[in-house]
Amino acid sequence: MNWFRDSAYYSTSNWKGTLMADGGGALINQGIHTIDLLLDLMGDVKSVFGQVQTTLYPIEGEDLGAAIVNFKNGALGNITSATALYPGYPERIEIFGTEGSAILEAGKLTQWNIRGSSETIKPTENSGGSGASDPTAIGHQLHLEQWRLFIKAIKEDLNPVVDGKTARKSVELIRAIYFSSKVGQMVEFPFLDK
């Protein structure tokens with residue numbers, strides 16, 4: 001998630017980029033949504049080594065974060081999350097395996113290549129918009145759908161599509177990246193707030 005925010009994004013707000021109200025910066029505010037999807041696709045984390053920095057504006061949280069993630073399934077991942085990378089590019093997840101690869105960019109599946117297959121991808125719909133350089137470009141449709149599913153779960157006494165245990169995984173990974181950056185060491189999972 002290599003996004004860009006101009007100085008007004010932070011200077012006109014009393015909470016953006018703060019530790020108390022925002023919880024940090026690019027990882028916890030913007031990057032968490034892509035990390036949610038990454039964890040849905042790749043599974044549980046075994047360990048992470050992270051580094052965060054504040055590079056562009058005088059904010060308390062990070063505007064640049066990077067991490068190397070070891071997944072329990074043996075896969076190796078790399079995360080970047082920033083709001084300091086001009087001009088800002090759509091969020092992107094790339095998955096490479098021994099038999100193929102897939103790329104999801106700005107909510108759209110753009111590449112799907114499987115060894116020995118002539119199958120082509122069908123365009124996927126993007127209903128969320130990318131906030132790569134403009135936070136107002138992010139649509140409300142996906143948030144609205146989340147509320148609809150949440151209300152339906154309450155009304156029909158169903159388990160929510162995303163429960164607290166599932167949502168906690170992304171928060172735990174980001175907090176582990178922050179801690180790893182602070183201590184300069186790899187962090188093993190499960191990570192309990194240190």
# chains A, B, ... in the order shown; residues from 1 in each chain; ligands from 1

$ closest_atom_pairs --of "segment 7-109 of chain A" --to "segment 171-176 of chain A" --cutoff "12 Å" --atoms "only C-alpha atoms" --output "Markdown table"
| residue | atom | partner | partner_atom | distance |
| --- | --- | --- | --- | --- |
| A:Gly23 | CA | A:Arg175 | CA | 9.6 |
| A:Gly24 | CA | A:Arg175 | CA | 9.6 |
| A:Gly25 | CA | A:Ile174 | CA | 10.6 |
| A:Ala26 | CA | A:Ile174 | CA | 10.3 |
| A:Leu27 | CA | A:Ile174 | CA | 6.6 |
| A:Ile28 | CA | A:Ile174 | CA | 6.6 |
| A:Asn29 | CA | A:Ile174 | CA | 10.4 |
| A:Gln30 | CA | A:Ile174 | CA | 11.5 |
| A:Gly31 | CA | A:Ile174 | CA | 9.1 |
| A:Ile32 | CA | A:Val171 | CA | 7.5 |
| A:His33 | CA | A:Val171 | CA | 10.3 |
| A:Thr34 | CA | A:Ile174 | CA | 11.7 |
| A:Ile35 | CA | A:Leu173 | CA | 8.6 |
| A:Asp36 | CA | A:Val171 | CA | 9.0 |
| A:Leu38 | CA | A:Leu173 | CA | 11.2 |
| A:Leu39 | CA | A:Leu173 | CA | 9.5 |
| A:Gly43 | CA | A:Leu173 | CA | 11.9 |
| A:Asp44 | CA | A:Leu173 | CA | 9.7 |
| A:Val45 | CA | A:Leu173 | CA | 7.8 |
| A:Lys46 | CA | A:Leu173 | CA | 10.1 |
| A:Ser47 | CA | A:Ala176 | CA | 8.8 |
| A:Val48 | CA | A:Ala176 | CA | 7.2 |
| A:Phe49 | CA | A:Ala176 | CA | 8.2 |
| A:Gly50 | CA | A:Ala176 | CA | 7.8 |
| A:Gln51 | CA | A:Ala176 | CA | 10.3 |
| A:Val52 | CA | A:Ile174 | CA | 10.5 |
| A:Glu62 | CA | A:Ile174 | CA | 11.7 |
| A:Gly65 | CA | A:Ile174 | CA | 9.7 |
| A:Ala66 | CA | A:Ile174 | CA | 10.4 |
| A:Ala67 | CA | A:Ile174 | CA | 9.4 |
| A:Ile68 | CA | A:Leu173 | CA | 11.1 |
| A:Val69 | CA | A:Leu173 | CA | 9.1 |
| A:Asn70 | CA | A:Leu173 | CA | 11.2 |
| A:Phe71 | CA | A:Leu173 | CA | 11.3 |
| A:Ile79 | CA | A:Ile174 | CA | 10.4 |
| A:Thr80 | CA | A:Ile174 | CA | 11.5 |
| A:Ser81 | CA | A:Ile174 | CA | 10.6 |

$ select_by_dssp --residues "segment 96-136 of chain A" --states "strand (DSSP E or B)" --output "count of residues only"
15

$ closest_residue --among "A:Thr120, A:Thr110, A:Thr55, A:Ser181" --to "Arg92 of chain A" --atoms "only C-alpha atoms"
A:Thr110

$ select_by_dssp --residues "segment 19-193 of chain A" --states "helix (DSSP H, G or I)" --output "VMD selection string"
chain A and resid 26 to 42 135 to 137 141 to 155 164 to 183

$ write_last_selection --atoms "C-alpha atoms" --output "PDB file, in the first residue's frame"
ATOM      1  CA  ALA A  26       0.092   4.259   7.654  1.00  0.00           C
ATOM      2  CA  LEU A  27      -0.058   0.655   8.878  1.00  0.00           C
ATOM      3  CA  ILE A  28      -2.853   0.918  11.438  1.00  0.00           C
ATOM      4  CA  ASN A  29      -4.970   3.558   9.681  1.00  0.00           C
ATOM      5  CA  GLN A  30      -4.702   2.834   5.963  1.00  0.00           C
ATOM      6  CA  GLY A  31      -2.743  -0.406   5.560  1.00  0.00           C
ATOM      7  CA  ILE A  32      -4.831  -2.521   7.912  1.00  0.00           C
ATOM      8  CA  HIS A  33      -7.500  -3.138   5.272  1.00  0.00           C
ATOM      9  CA  THR A  34      -5.016  -4.604   2.796  1.00  0.00           C
ATOM     10  CA  ILE A  35      -3.394  -6.571   5.620  1.00  0.00           C
ATOM     11  CA  ASP A  36      -6.847  -8.009   6.460  1.00  0.00           C
ATOM     12  CA  LEU A  37      -7.087  -9.319   2.917  1.00  0.00           C
ATOM     13  CA  LEU A  38      -3.491 -10.553   2.904  1.00  0.00           C
ATOM     14  CA  LEU A  39      -4.105 -12.624   6.040  1.00  0.00           C
ATOM     15  CA  ASP A  40      -7.373 -13.977   4.600  1.00  0.00           C
ATOM     16  CA  LEU A  41      -5.427 -15.170   1.567  1.00  0.00           C
ATOM     17  CA  MET A  42      -2.205 -16.361   3.222  1.00  0.00           C
ATOM     18  CA  PRO A 135      -8.646   9.752   0.635  1.00  0.00           C
ATOM     19  CA  THR A 136     -11.985  11.019  -0.693  1.00  0.00           C
ATOM     20  CA  ALA A 137     -11.679   8.633  -3.662  1.00  0.00           C
ATOM     21  CA  GLN A 141     -19.948   0.856  -0.723  1.00  0.00           C
ATOM     22  CA  LEU A 142     -17.753  -1.670   1.083  1.00  0.00           C
ATOM     23  CA  HIS A 143     -18.345  -0.009   4.458  1.00  0.00           C
ATOM     24  CA  LEU A 144     -22.083  -0.045   3.781  1.00  0.00           C
ATOM     25  CA  GLU A 145     -21.942  -3.750   2.947  1.00  0.00           C
ATOM     26  CA  GLN A 146     -20.099  -4.440   6.205  1.00  0.00           C
ATOM     27  CA  TRP A 147     -22.853  -2.670   8.155  1.00  0.00           C
ATOM     28  CA  ARG A 148     -25.543  -4.608   6.283  1.00  0.00           C
ATOM     29  CA  LEU A 149     -23.898  -7.925   7.119  1.00  0.00           C
ATOM     30  CA  PHE A 150     -23.401  -6.860  10.744  1.00  0.00           C
ATOM     31  CA  ILE A 151     -27.060  -5.841  11.134  1.00  0.00           C
ATOM     32  CA  LYS A 152     -28.201  -9.060   9.441  1.00  0.00           C
ATOM     33  CA  ALA A 153     -26.097 -11.107  11.886  1.00  0.00           C
ATOM     34  CA  ILE A 154     -27.752  -9.354  14.820  1.00  0.00           C
ATOM     35  CA  LYS A 155     -31.294  -9.601  13.454  1.00  0.00           C
ATOM     36  CA  GLY A 164     -13.414 -10.051  16.783  1.00  0.00           C
ATOM     37  CA  LYS A 165     -11.015 -13.009  16.746  1.00  0.00           C
ATOM     38  CA  THR A 166     -10.518 -12.693  12.992  1.00  0.00           C
ATOM     39  CA  ALA A 167     -10.147  -8.905  13.087  1.00  0.00           C
ATOM     40  CA  ARG A 168      -7.632  -9.165  15.916  1.00  0.00           C
ATOM     41  CA  LYS A 169      -5.153 -10.966  13.622  1.00  0.00           C
ATOM     42  CA  SER A 170      -4.436  -7.847  11.569  1.00  0.00           C
ATOM     43  CA  VAL A 171      -4.134  -5.688  14.678  1.00  0.00           C
ATOM     44  CA  GLU A 172      -1.788  -8.251  16.244  1.00  0.00           C
ATOM     45  CA  LEU A 173       0.418  -8.289  13.133  1.00  0.00           C
ATOM     46  CA  ILE A 174       0.646  -4.498  12.997  1.00  0.00           C
ATOM     47  CA  ARG A 175       1.416  -4.221  16.709  1.00  0.00           C
ATOM     48  CA  ALA A 176       4.101  -6.876  16.242  1.00  0.00           C
ATOM     49  CA  ILE A 177       5.608  -4.841  13.380  1.00  0.00           C
ATOM     50  CA  TYR A 178       5.693  -1.775  15.650  1.00  0.00           C
ATOM     51  CA  PHE A 179       7.292  -3.775  18.461  1.00  0.00           C
ATOM     52  CA  SER A 180       9.812  -5.388  16.105  1.00  0.00           C
ATOM     53  CA  SER A 181      10.818  -1.956  14.840  1.00  0.00           C
ATOM     54  CA  LYS A 182      11.206  -0.694  18.400  1.00  0.00           C
ATOM     55  CA  VAL A 183      13.414  -3.579  19.573  1.00  0.00           C
TER      56      VAL A 183
END

$ closest_residue --among "A:Asn159, A:Asn78, A:Ser118, A:Ser13" --to "Ile59 of chain A" --atoms "only C-alpha atoms"
A:Ser13

$ closest_residue --among "A:Asp157, A:Gly129, A:Phe96, A:Val162" --to "Asn113 of chain A" --atoms "only C-alpha atoms"
A:Phe96

$ closest_residue --among "A:Trp112, A:Ser133, A:Gly77, A:Glu60" --to "Asn14 of chain A" --atoms "only C-alpha atoms"
A:Glu60
